[in-house]
Amino acid sequence: MFQQKMIHSLFLINCSGDIFLEKHWKSVVSQSVCDYFFEAQEKAVDVENVPPVISTPHHYLISIYRDKIFFVSVIQTEVPPLFVIEFLHRVADTFQDYFGECSETAIKDNVVIVYELLEEMLDNGFPLATESNILKELIKPPTILRSVVNSITGSSNVGDTLPTGQLSNIPWRRAGVKYTNNEAYFDVIEEIDAIIDKSGSTVFAEIQGVIDSCIKLSGMPDLSLSFMNPRLLDDVSFHPCIRFKRWESERVLSFIPPDGNFRLISYRVSSQNLVAIPVYVKHLISFKENSSSGRFDVTIGPKQNMGKTVEGVVMTVHMPKAVLNMNLTATQGSYTFDPVTKVLTWDVGKITPQKLPNLKGIVNLQSGAPKPEENPSLNIQFKIQQLAISGLKVNRLDMYGEKYKPFKGVKYITKAGKFQVRT
Amino acid sequence: MAASPAYGEEKGGSSSLGEPEYGHDPASGGIFASDYKRHDDLKEMLDSNKDSLKLEAMKRIVAMIARGKNASDLFPAVVKNVACKNIEVKKLVYVYLVRYAEEQQDLALLSISTFQRGLKDPNQLIRASALRVLSSIRVPIIVPIMMLAIKEAASDMSPYVRKTAAHAIPKLYSLDSDQKDQLIEVIEKLLADKTTLVAGSVVMAFEEVCPERIDLIHKNYRKLCNLLIDVEEWGQVVIINMLTRYARTQFLSPNQNESLLEESAEKAFYGSEEEDTKDAKAEAASLAKRKPYVMDPDHRLLLRNTKPLLQSRNAAVVMAVAQLYFHLAPKAEVGVIAKALVRLLRSHSEVQYVVLQNVATMSIKRRGMFEPYLKSFYIRSTDPTQIKILKLEVLTNLANETNISTILREFQTYIRSMDKDFVAATIQAIGRCATNIGKVRDTCLNGLVQLLSNRDELVVAESVVVIKKLLQMQPAQHSEIIKHMAKLTDNIQVPMARASILWLIGEYCEHVPKIAPDVLRKMAKSFTNEEDIVKLQVINLAAKLYLTNSKQSKLLTQYVLNLAKYDQNYDIRDRARFIRQLIVPTEKSGALNKYAKKLFLAQKPAPILESSFKDRDHFQLGSLSHLLNAKAVGYQELPDWPDEAPDPSVRNVEVPEWTKCTSREKRKEKVEKPFYSDSEGESGPTESADSEPESDSEESGSSSSSGTSSSSSEEEEEEEEEEEEEGSGEQSEDKEGEEEEEKRKKRKEKGGLRKVSPRSMGSEEEEEAEGKKVKKAAGPQGKKGHAETSSEEASASESSSSGSDSGTEAPTVVEAKRRKTIPSSKAGPKEISLLDLDDFTPPLPQPVPSSNIISTSLVTDLEGLTLTDTSLAPALLSPAFGAVRTYELLHRMAGEGLSVEYCFSRRPFPGDPHMVAVQIQISNNTDAEVKSLRVSEPKLLAGMRIQEFPEIESLAPGDTASVVMGIDFCDSTQAANFQLCTHTRHFYVSIQPPVGELMAPVFMSENEFRKEQEHLAQQGKGKLTGMSEITEKLTLPEKCRSDHAIVQQVTSAANVGRVPCGADNEYRFAAKTVTSGSLVLITLEWREGAAAQLTVNSEKMVIGTMLVKDIIQALAQ
């Protein structure tokens, strides 16, 4: 037979195993192909352990799991798996962008738009238009007002005029953008990924940063964003709008931005000495031999006080299976323990150095069960406003090509990424 | 349609009321889709003449399709609306058609005429969409129509339509594979397309229809490489994968020498047969030495142009580049991909999963590459199990003597995890570390033994299995462990573990003579309750004991064998029978009995614990096949490197036959918008290759113009474009046969100019007319223009003359080769020489300047590209200057939005050979048009001269223009000051040349070089010693110790040509100063280690001194 490349069909499946949407770009593939997926899902126990690539006698299934939905694509021949995975995530991102959430309800409510989007995003199984700016020109996103108007006038979300986006020489920006208030905002968001070992020393730490932009500027602005200390950035990945050569030669981000929200760059600062860990955790978790109880005592404190408050602190712990219940008292915030999933969540809030938050108490174990030999790791989340922990600073933003004076703003925020304390 | 009268009535009644009734619930259509009454409603709505009703109906129908409900019975009602004026309705009808046309072929044909009309629409989007739908309805009967439509669309003026045509090719192919040959023609045509928009799609079509026709790529290879960065993400992936395959068939392995060294080094690491391998390799190495490896410049081009894409936000692109580097790059360069791959580990878990699989494979072959990122593979308790296991795999692969202690400490943590599958995998990983790294074998073993007392049975079982494998490597020392394990038989229930223990005891029963019979006794007792694999091992143990210690175990053995004889499982019954015959001597038992001991107690080879990812790299990395470790349908094998590189000249672009785009009508279509920064693709090697044959013809035009002018005059009509191109560029053309470069530069300059000036159709004509005028004025130049474009008869004369024309400057070696090739290929001679030159001088950041042919098709394409629409902003992605060092002439702040950069293009200035060509790029960042840009009031030192660039009439906002001006610096580095004027402003600017730019390369042979050097030295003696020779010692930094790096640094510092040299560690370069033509000879002698000596011979002392300084600085960087 002849070859049928790339993505053949897409099925959206919810957690209870209902196929609630299907789209075929070539001839129709029966839903029964999903049985192989369900089989694998059953075997995997946990949703995140469903293998992303499944081989069946006639097809290959490549799937992603996003927001409680499985996006299962059907492939017939060799294709780079990442190509499909990346595309499926782009589809999910687009739904998110259009409907504010990528949920089963949102998709069902907007099934026509979803269908139109899928039609535009893929042609014969090969990606066609995946840039949000172009898609939005082809298919208008729903708004509450518009859906009211539409129900009265009977018009729909398909753009009335023919789009020009595909034909612009800047594929990511639509032409003829107009705003009364011209604004450009940049959020420098840094996440600290770290593994702290039992003794409190850092096993691994790095900073993962992104600059998310919200740019609402009229016309064709040409921006250049420079940093005080661009050499900090270890490894950078760019939005396609960025001129790579300028970065290479001058370390300046020069670009004509897409309209609206987008991720300008992602970067990594991996030199460990540079990564300051803003909190420390003192912990004592022990299970007594031949007894059905254990002790739990955790204190969180700020480590490097850069004059900023550590806030939004939340600790989650997956307790061992043998734990039945926990009797704890928190000096600050509130805690919950789910006896089914064995997850302990402690919502601490802000840390004030004067009075360190502490969570202490008794762990009840299943009687007769052997003592758990492992201690759970503590996953910590926190936020520090107005600080980029790496020290990255935006120097200036210049705009060329347009006359007006835009309103500019930069916000810094540091968060915990995958921040784990082993105990 | 039995119901039709009924609903006809209904219709009369409902059409007025219908609207609010139908309009209220769009989602309900999907929910009640099975209700056929509703379908009647839908039909009715579709038949109404209100667009809102139709739309509502279509929405419900689409909702039904989305749910997987059958809506095929609505086909007749829907298909009627295909011509609906409402674009929204139309779109949904298209969706429906594409879904059901295959099932309702006859009815689908009704819609075809609508699409055929659409194909002729003046709006490119409508043409594209018509083609898209037409090609998506899988009805075999329309194959001829589709074929026609695709062919037409492939030469559409809109790149968007051409892209759609490329998309349609695989669709048609899957419908009717008999069309293959015709489709290949279309693909070939589209491959030649210069727009980034088309590139990705056509390569995708190529991959699907004719991936075996690698020959189609040759001519487009360089263009694809150069366009790559501006292609959209998905197209990049496809192109990179295809180019990987291409490169594997066309270039030599960059690791052919290293791989030998590497292998022997690895062997040495594990001891043993180091010596003999060395001998074998020595021979191979000497073979290799005879023919030193020089990377094909095209190979280098691919590597260089894909590297920036490692910074793409798209994981698929990063992976594609990573696999390209892994499969194609020299070993030393593969490392760059590690960082990017590690970055992907922060992405979605599915991405992580795929990336880790690939990293696992790579880390076996190239362990060093990921070692710096060891910690990025540390495992978090929150990772999904499948990710944990993959990370573990990578960690294990990365383990070596130096980092093993860190890794083992990490493993220690993992063993206590709650995730038991993961713990089991960790134990196996420890086992693998122990086998690979002898140093830690005991530590690991002890650790594992400790795990035997773990409370979790799975952990213990896994440990037993791994320990068994480890012990097999050195059993003698470990009787304690075996004893310990024997005790475990009381507790462990996992069959595999029990079986392993029994096997161990049986195998080493002589080490534990007391315990073994006791274990057998216990096992005999529980025999009937054991699992099959355990039973088999019990029999095995019994047999071995019988052979070694028959006194104690004879009865037990017989008991076990009797039990086994009546087992339910026939394997066990068979085994029992077989073993009895073998070990128990009876009169019947044959000769085998004598060998029973040998059979059972033979030394067994230790199992090799190796990664399941070993040798997976025979699949192309990043592919589905690699991930599944099985060949997927349609997988294209990654070919092995060829032993001999195929002829590299196939990639040179020759003058195509003058067939396309000749008519006026077609030319009009060329008025198209440039896409992205297409034109930039033309700078760089593609163009240099492209442009070569033209200069040939140009030369021939001057040498044998009488012959060619006659033929060309006939074709004058058609070639207006080219003439125009020629004419206006050539106003100041010099009389003598210029070097090829000039032409090419002019073309480029021209292209830049064109792009800048926004033009409508009208102004195009105007310009054409203008071009003609100039041409007439230029006279002989006009003839050259003809010669270039005229057909093959002319090119025959070209080739013969070109050889002699350019021969004088070329190195003799090349010259000889060129002569040889002349008779064989018409278009070939120059191209071959180009490549040869490249072999001598490794690729410069900017392509080698010795070329300047633009194929006629390129000319027309440029034409099309450069006639810009006013509304469009400039091509922005990458400056056209490529990797050449650019300097700022006017900052855009200082220039009030006008920014000007310049670089030394290193091509002879066409107007005057004594001038240095300065390429100037002017970008208008203001929002107003800048008019009459020109140079005025040069303030120059005595003797210096400036040839200004022609005035730029206007530069639209956001546009960029590139022009060339010539400056005679009088062989000094004094700055040339002048004013840059616009219609409103004057800016004072100055250009100061680095000394290296004041010269032009000279090609000479080794002997000539030596002669000249001696000559200069004598001259020096005649006057004052040392006057013409400057020698300096220097230390080469680490990264500058390869031939390639040295040559590159020197040639980037100065515009010099490399001179072949017999000695290994000597590099020679020669150049002539532009103004006075004095020779500058550079010799770099590389002594052991980092020491080197640089000698510059030149009459011009100042230049020599400065040059020495500059080169040393460049080398030190």
# chains A, B, ... in the order shown; residues from 1 in each chain; ligands from 1
>>> residues_around(residues="segment 391-398 of chain B", least_positions_apart="2", cutoff="9 Å", atoms="only C-alpha atoms", output="number ranges by chain")
B: 356-357, 359-361, 363-364, 367-368, 370-371, 374-375, 377-379, 386-389, 400, 403-404, 407, 411, 422, 425-426, 429-430, 432-433, 611-613
>>> interface_residues(of="chain A", to="chain B", cutoff="6 Å", atoms="only C-alpha atoms", output="JSON, numbers by chain")
{"A": [2, 20, 21, 22, 48, 49, 52, 77, 78, 79, 80, 81, 82, 83, 154, 158, 169, 170, 237, 238, 243, 374, 401]}
>>> write_last_selection(atoms="N, CA, C and O atoms", output="PDB file, in the first residue's frame")
ATOM      1  N   PHE A   2       0.264   2.300  -0.342  1.00  0.00           N
ATOM      2  CA  PHE A   2       0.996   3.571  -0.336  1.00  0.00           C
ATOM      3  C   PHE A   2       1.100   4.082   1.085  1.00  0.00           C
ATOM      4  O   PHE A   2       0.379   3.649   1.975  1.00  0.00           O
ATOM      5  N   PHE A  20     -14.985  11.486  23.322  1.00  0.00           N
ATOM      6  CA  PHE A  20     -15.986  12.540  23.137  1.00  0.00           C
ATOM      7  C   PHE A  20     -15.744  13.406  21.922  1.00  0.00           C
ATOM      8  O   PHE A  20     -16.537  14.281  21.618  1.00  0.00           O
ATOM      9  N   LEU A  21     -14.659  13.167  21.220  1.00  0.00           N
ATOM     10  CA  LEU A  21     -14.478  13.885  19.960  1.00  0.00           C
ATOM     11  C   LEU A  21     -13.553  13.077  19.070  1.00  0.00           C
ATOM     12  O   LEU A  21     -12.588  12.480  19.548  1.00  0.00           O
ATOM     13  N   GLU A  22     -13.868  13.048  17.806  1.00  0.00           N
ATOM     14  CA  GLU A  22     -12.944  12.414  16.881  1.00  0.00           C
ATOM     15  C   GLU A  22     -12.819  13.264  15.639  1.00  0.00           C
ATOM     16  O   GLU A  22     -13.756  13.968  15.249  1.00  0.00           O
ATOM     17  N   GLU A  48      -0.270   8.897  34.414  1.00  0.00           N
ATOM     18  CA  GLU A  48       0.958   9.439  33.831  1.00  0.00           C
ATOM     19  C   GLU A  48       1.926   8.342  33.378  1.00  0.00           C
ATOM     20  O   GLU A  48       2.974   8.630  32.836  1.00  0.00           O
ATOM     21  N   ASN A  49       1.548   7.127  33.632  1.00  0.00           N
ATOM     22  CA  ASN A  49       2.417   6.047  33.182  1.00  0.00           C
ATOM     23  C   ASN A  49       1.922   5.340  31.925  1.00  0.00           C
ATOM     24  O   ASN A  49       2.459   4.318  31.529  1.00  0.00           O
ATOM     25  N   PRO A  52       3.441   7.006  26.016  1.00  0.00           N
ATOM     26  CA  PRO A  52       2.979   7.944  24.990  1.00  0.00           C
ATOM     27  C   PRO A  52       2.918   7.321  23.595  1.00  0.00           C
ATOM     28  O   PRO A  52       2.221   7.820  22.740  1.00  0.00           O
ATOM     29  N   THR A  77       2.437   5.395   9.781  1.00  0.00           N
ATOM     30  CA  THR A  77       3.811   5.086   9.382  1.00  0.00           C
ATOM     31  C   THR A  77       4.803   5.852  10.228  1.00  0.00           C
ATOM     32  O   THR A  77       4.436   6.668  11.061  1.00  0.00           O
ATOM     33  N   GLU A  78       6.024   5.561   9.959  1.00  0.00           N
ATOM     34  CA  GLU A  78       7.136   6.221  10.623  1.00  0.00           C
ATOM     35  C   GLU A  78       6.968   7.742  10.641  1.00  0.00           C
ATOM     36  O   GLU A  78       6.692   8.368   9.628  1.00  0.00           O
ATOM     37  N   VAL A  79       7.159   8.305  11.824  1.00  0.00           N
ATOM     38  CA  VAL A  79       7.096   9.759  11.975  1.00  0.00           C
ATOM     39  C   VAL A  79       7.878  10.057  13.251  1.00  0.00           C
ATOM     40  O   VAL A  79       7.895   9.234  14.161  1.00  0.00           O
ATOM     41  N   PRO A  80       8.567  11.184  13.324  1.00  0.00           N
ATOM     42  CA  PRO A  80       9.243  11.458  14.595  1.00  0.00           C
ATOM     43  C   PRO A  80       8.211  11.620  15.710  1.00  0.00           C
ATOM     44  O   PRO A  80       7.328  12.470  15.598  1.00  0.00           O
ATOM     45  N   PRO A  81       8.255  10.808  16.739  1.00  0.00           N
ATOM     46  CA  PRO A  81       7.219  10.861  17.774  1.00  0.00           C
ATOM     47  C   PRO A  81       7.100  12.246  18.404  1.00  0.00           C
ATOM     48  O   PRO A  81       5.998  12.688  18.718  1.00  0.00           O
ATOM     49  N   LEU A  82       8.233  12.919  18.547  1.00  0.00           N
ATOM     50  CA  LEU A  82       8.161  14.242  19.168  1.00  0.00           C
ATOM     51  C   LEU A  82       7.386  15.223  18.306  1.00  0.00           C
ATOM     52  O   LEU A  82       6.760  16.145  18.806  1.00  0.00           O
ATOM     53  N   PHE A  83       7.451  15.016  17.039  1.00  0.00           N
ATOM     54  CA  PHE A  83       6.716  15.855  16.103  1.00  0.00           C
ATOM     55  C   PHE A  83       5.232  15.817  16.452  1.00  0.00           C
ATOM     56  O   PHE A  83       4.566  16.835  16.567  1.00  0.00           O
ATOM     57  N   GLY A 154     -27.170  34.933  14.588  1.00  0.00           N
ATOM     58  CA  GLY A 154     -26.954  33.686  13.866  1.00  0.00           C
ATOM     59  C   GLY A 154     -25.623  33.643  13.151  1.00  0.00           C
ATOM     60  O   GLY A 154     -25.382  32.782  12.321  1.00  0.00           O
ATOM     61  N   VAL A 158     -16.397  32.134  12.517  1.00  0.00           N
ATOM     62  CA  VAL A 158     -15.452  32.146  11.417  1.00  0.00           C
ATOM     63  C   VAL A 158     -15.251  33.590  10.983  1.00  0.00           C
ATOM     64  O   VAL A 158     -16.183  34.372  10.900  1.00  0.00           O
ATOM     65  N   ASN A 169       4.683  38.581   5.804  1.00  0.00           N
ATOM     66  CA  ASN A 169       6.024  38.007   5.795  1.00  0.00           C
ATOM     67  C   ASN A 169       6.518  37.799   7.210  1.00  0.00           C
ATOM     68  O   ASN A 169       7.617  37.358   7.446  1.00  0.00           O
ATOM     69  N   ILE A 170       5.707  38.149   8.173  1.00  0.00           N
ATOM     70  CA  ILE A 170       6.009  37.808   9.561  1.00  0.00           C
ATOM     71  C   ILE A 170       4.908  36.876   9.997  1.00  0.00           C
ATOM     72  O   ILE A 170       3.821  37.308  10.378  1.00  0.00           O
ATOM     73  N   SER A 237      16.097  29.136  24.791  1.00  0.00           N
ATOM     74  CA  SER A 237      15.338  28.774  23.598  1.00  0.00           C
ATOM     75  C   SER A 237      14.390  29.907  23.281  1.00  0.00           C
ATOM     76  O   SER A 237      13.856  30.549  24.173  1.00  0.00           O
ATOM     77  N   PHE A 238      14.201  30.133  22.010  1.00  0.00           N
ATOM     78  CA  PHE A 238      13.553  31.351  21.560  1.00  0.00           C
ATOM     79  C   PHE A 238      12.217  31.116  20.897  1.00  0.00           C
ATOM     80  O   PHE A 238      12.006  30.104  20.241  1.00  0.00           O
ATOM     81  N   ARG A 243      15.417  37.405  16.551  1.00  0.00           N
ATOM     82  CA  ARG A 243      16.509  37.341  15.577  1.00  0.00           C
ATOM     83  C   ARG A 243      17.724  36.717  16.246  1.00  0.00           C
ATOM     84  O   ARG A 243      18.368  37.312  17.103  1.00  0.00           O
ATOM     85  N   GLU A 374      10.894   3.740  54.178  1.00  0.00           N
ATOM     86  CA  GLU A 374      11.335   4.964  53.518  1.00  0.00           C
ATOM     87  C   GLU A 374      10.588   6.149  54.097  1.00  0.00           C
ATOM     88  O   GLU A 374       9.464   6.035  54.522  1.00  0.00           O
ATOM     89  N   GLY A 401      10.219  51.618  14.705  1.00  0.00           N
ATOM     90  CA  GLY A 401       9.230  51.332  13.663  1.00  0.00           C
ATOM     91  C   GLY A 401       7.865  51.929  13.914  1.00  0.00           C
ATOM     92  O   GLY A 401       7.043  51.979  13.028  1.00  0.00           O
TER      93      GLY A 401
END
>>> residues_around(residues="Lys26 of chain A", least_positions_apart="3", cutoff="8 Å", atoms="only C-alpha atoms", output="PDB file with C-alpha atoms, in the first residue's frame")
ATOM      1  CA  HIS A   8      -4.180  10.314  10.569  1.00  0.00           C
ATOM      2  CA  SER A   9      -6.856  10.781  13.184  1.00  0.00           C
ATOM      3  CA  ASN A 124      -3.638  15.864   5.341  1.00  0.00           C
ATOM      4  CA  GLY A 125      -1.978  15.114   8.628  1.00  0.00           C
TER       5      GLY A 125
ATOM      6  CA  SER B 136      -8.944  16.060   0.155  1.00  0.00           C
TER       7      SER B 136
END
>>> residues_around(residues="segment 318-326 of chain A", least_positions_apart="2", cutoff="10 Å", atoms="only C-alpha atoms", output="ChimeraX atom specification")
/A:287,292-296,316,328-329,336-345,360-379 /B:381-382,417-418
>>> select_by_dssp(residues="segment 219-311 of chain A", states="strand (DSSP E or B)", output="count of residues only")
46
>>> residues_around(residues="Val313 of chain A", least_positions_apart="2", cutoff="10 Å", atoms="only C-alpha atoms", output="compact mmCIF listing (two decimals) with all heavy atoms, in the first residue's frame")
# COMPACT_ATOMS: atom_id res chain seq x y z
N VAL A 279 14.63 28.79 50.89
CA VAL A 279 14.03 28.26 52.12
C VAL A 279 14.83 27.07 52.62
O VAL A 279 15.56 26.43 51.86
CB VAL A 279 12.57 27.78 51.91
CG1 VAL A 279 11.67 28.94 51.57
CG2 VAL A 279 12.50 26.71 50.85
N ILE A 300 9.60 25.06 58.39
CA ILE A 300 10.11 25.71 57.19
C ILE A 300 10.58 27.10 57.56
O ILE A 300 9.90 27.81 58.31
CB ILE A 300 9.02 25.82 56.11
CG1 ILE A 300 8.48 24.43 55.78
CG2 ILE A 300 9.57 26.48 54.84
CD1 ILE A 300 7.40 24.43 54.73
N VAL A 310 8.97 35.34 51.50
CA VAL A 310 8.61 34.09 50.83
C VAL A 310 7.15 33.85 51.13
O VAL A 310 6.74 33.81 52.29
CB VAL A 310 9.46 32.92 51.36
CG1 VAL A 310 9.09 31.64 50.64
CG2 VAL A 310 10.93 33.23 51.20
N GLU A 311 6.36 33.72 50.10
CA GLU A 311 4.92 33.56 50.34
C GLU A 311 4.36 32.42 49.50
O GLU A 311 5.08 31.81 48.71
CB GLU A 311 4.19 34.86 50.05
CG GLU A 311 4.51 35.43 48.68
CD GLU A 311 3.93 36.80 48.46
OE1 GLU A 311 3.74 37.54 49.44
OE2 GLU A 311 3.64 37.12 47.30
N MET A 315 3.28 22.83 51.22
CA MET A 315 4.08 21.62 51.24
C MET A 315 3.16 20.43 50.96
O MET A 315 2.10 20.30 51.56
CB MET A 315 4.74 21.45 52.61
CG MET A 315 5.65 20.25 52.69
SD MET A 315 6.30 20.06 54.35
CE MET A 315 4.95 19.26 55.15
N GLY A 333 -1.13 28.39 59.16
CA GLY A 333 -1.78 27.79 57.99
C GLY A 333 -2.62 26.58 58.38
O GLY A 333 -2.87 26.32 59.55
N TRP A 346 0.00 20.91 53.24
CA TRP A 346 0.07 21.94 54.28
C TRP A 346 0.17 23.29 53.60
O TRP A 346 1.18 23.59 52.96
CB TRP A 346 1.28 21.68 55.19
CG TRP A 346 1.47 22.70 56.28
CD1 TRP A 346 0.51 23.49 56.85
CD2 TRP A 346 2.71 23.02 56.93
NE1 TRP A 346 1.07 24.28 57.81
CE2 TRP A 346 2.41 24.01 57.89
CE3 TRP A 346 4.01 22.56 56.80
CZ2 TRP A 346 3.41 24.56 58.70
CZ3 TRP A 346 4.98 23.09 57.61
CH2 TRP A 346 4.69 24.09 58.57
N ASP A 347 -0.86 24.07 53.74
CA ASP A 347 -0.87 25.40 53.13
C ASP A 347 -0.35 26.39 54.16
O ASP A 347 -1.04 26.73 55.11
CB ASP A 347 -2.30 25.74 52.70
CG ASP A 347 -2.34 26.99 51.85
OD1 ASP A 347 -1.35 27.76 51.88
OD2 ASP A 347 -3.36 27.20 51.18
N VAL A 348 0.87 26.81 53.99
CA VAL A 348 1.52 27.61 55.02
C VAL A 348 1.23 29.09 54.85
O VAL A 348 0.98 29.81 55.81
CB VAL A 348 3.05 27.38 55.00
CG1 VAL A 348 3.70 28.11 56.15
CG2 VAL A 348 3.36 25.90 55.06
N GLY A 349 1.27 29.56 53.63
CA GLY A 349 1.13 31.00 53.40
C GLY A 349 2.46 31.69 53.45
O GLY A 349 3.45 31.18 52.92
N LYS A 350 2.51 32.81 54.12
CA LYS A 350 3.72 33.63 54.17
C LYS A 350 4.65 33.14 55.27
O LYS A 350 4.20 32.70 56.32
CB LYS A 350 3.28 35.06 54.49
CG LYS A 350 4.03 36.12 53.71
CD LYS A 350 3.56 37.49 54.18
CE LYS A 350 2.63 38.14 53.15
NZ LYS A 350 2.18 39.47 53.57
N ILE A 351 5.93 33.25 55.05
CA ILE A 351 6.87 32.91 56.13
C ILE A 351 7.39 34.20 56.75
O ILE A 351 7.94 35.05 56.06
CB ILE A 351 8.07 32.10 55.62
CG1 ILE A 351 7.59 30.83 54.93
CG2 ILE A 351 9.01 31.76 56.77
CD1 ILE A 351 8.72 29.97 54.43
N ILE A 380 7.93 21.21 48.02
CA ILE A 380 7.63 22.55 48.51
C ILE A 380 7.31 23.47 47.35
O ILE A 380 7.97 23.43 46.31
CB ILE A 380 8.85 23.14 49.27
CG1 ILE A 380 9.47 22.11 50.19
CG2 ILE A 380 8.47 24.42 49.98
CD1 ILE A 380 8.90 22.01 51.53
N GLN A 381 6.30 24.28 47.54
CA GLN A 381 6.04 25.36 46.59
C GLN A 381 6.15 26.67 47.33
O GLN A 381 5.80 26.75 48.50
CB GLN A 381 4.62 25.27 46.05
CG GLN A 381 4.34 24.08 45.18
CD GLN A 381 2.85 23.86 45.05
OE1 GLN A 381 2.09 24.79 44.86
NE2 GLN A 381 2.44 22.61 45.20
N PHE A 382 6.64 27.68 46.66
CA PHE A 382 6.65 29.02 47.24
C PHE A 382 6.76 30.03 46.13
O PHE A 382 6.95 29.69 44.97
CB PHE A 382 7.81 29.18 48.23
CG PHE A 382 9.15 28.85 47.63
CD1 PHE A 382 9.82 29.77 46.83
CD2 PHE A 382 9.75 27.61 47.86
CE1 PHE A 382 11.05 29.45 46.27
CE2 PHE A 382 10.97 27.29 47.30
CZ PHE A 382 11.63 28.22 46.51
N LYS A 383 6.65 31.27 46.52
CA LYS A 383 6.69 32.36 45.55
C LYS A 383 7.42 33.52 46.20
O LYS A 383 7.26 33.76 47.40
CB LYS A 383 5.25 32.81 45.27
CG LYS A 383 4.83 32.61 43.84
CD LYS A 383 3.57 33.37 43.54
CE LYS A 383 2.31 32.67 44.01
NZ LYS A 383 1.07 33.30 43.63
N ILE A 384 8.21 34.20 45.43
CA ILE A 384 8.80 35.44 45.93
C ILE A 384 8.53 36.50 44.87
O ILE A 384 8.95 36.37 43.73
CB ILE A 384 10.32 35.30 46.16
CG1 ILE A 384 10.60 34.10 47.06
CG2 ILE A 384 10.88 36.58 46.76
CD1 ILE A 384 12.05 33.74 47.15
N LYS A 415 9.66 31.36 41.75
CA LYS A 415 8.78 30.32 42.28
C LYS A 415 9.59 29.07 42.51
O LYS A 415 10.69 28.93 41.98
CB LYS A 415 7.71 29.96 41.25
CG LYS A 415 6.67 30.97 40.97
CD LYS A 415 5.70 30.31 40.02
CE LYS A 415 4.84 31.30 39.29
NZ LYS A 415 4.04 30.63 38.29
N ALA A 416 8.99 28.17 43.26
CA ALA A 416 9.61 26.86 43.35
C ALA A 416 9.17 26.08 42.13
O ALA A 416 8.01 26.13 41.75
CB ALA A 416 9.15 26.16 44.61
>>> residues_around(residues="Pro1060 of chain B", least_positions_apart="6", cutoff="8 Å", atoms="only C-alpha atoms", output="ChimeraX atom specification")
/B:840,1005-1006,1067-1068
>>> write_last_selection(atoms="C-alpha atoms", output="tab-separated table (two decimals), in the first residue's frame")
chain	number	residue	atom	x	y	z
B	840	PHE	CA	42.03	23.97	-0.14
B	1005	SER	CA	51.57	27.44	-6.35
B	1006	GLU	CA	53.96	26.36	-3.68
B	1067	TYR	CA	50.24	27.24	6.47
B	1068	ARG	CA	50.74	29.69	3.71
>>> select_by_dssp(residues="segment 132-301 of chain A", states="helix (DSSP H, G or I)", output="PyMOL selection string")
chain A and resi 132-138+144-153+165-167+230-232+244-250+272-274
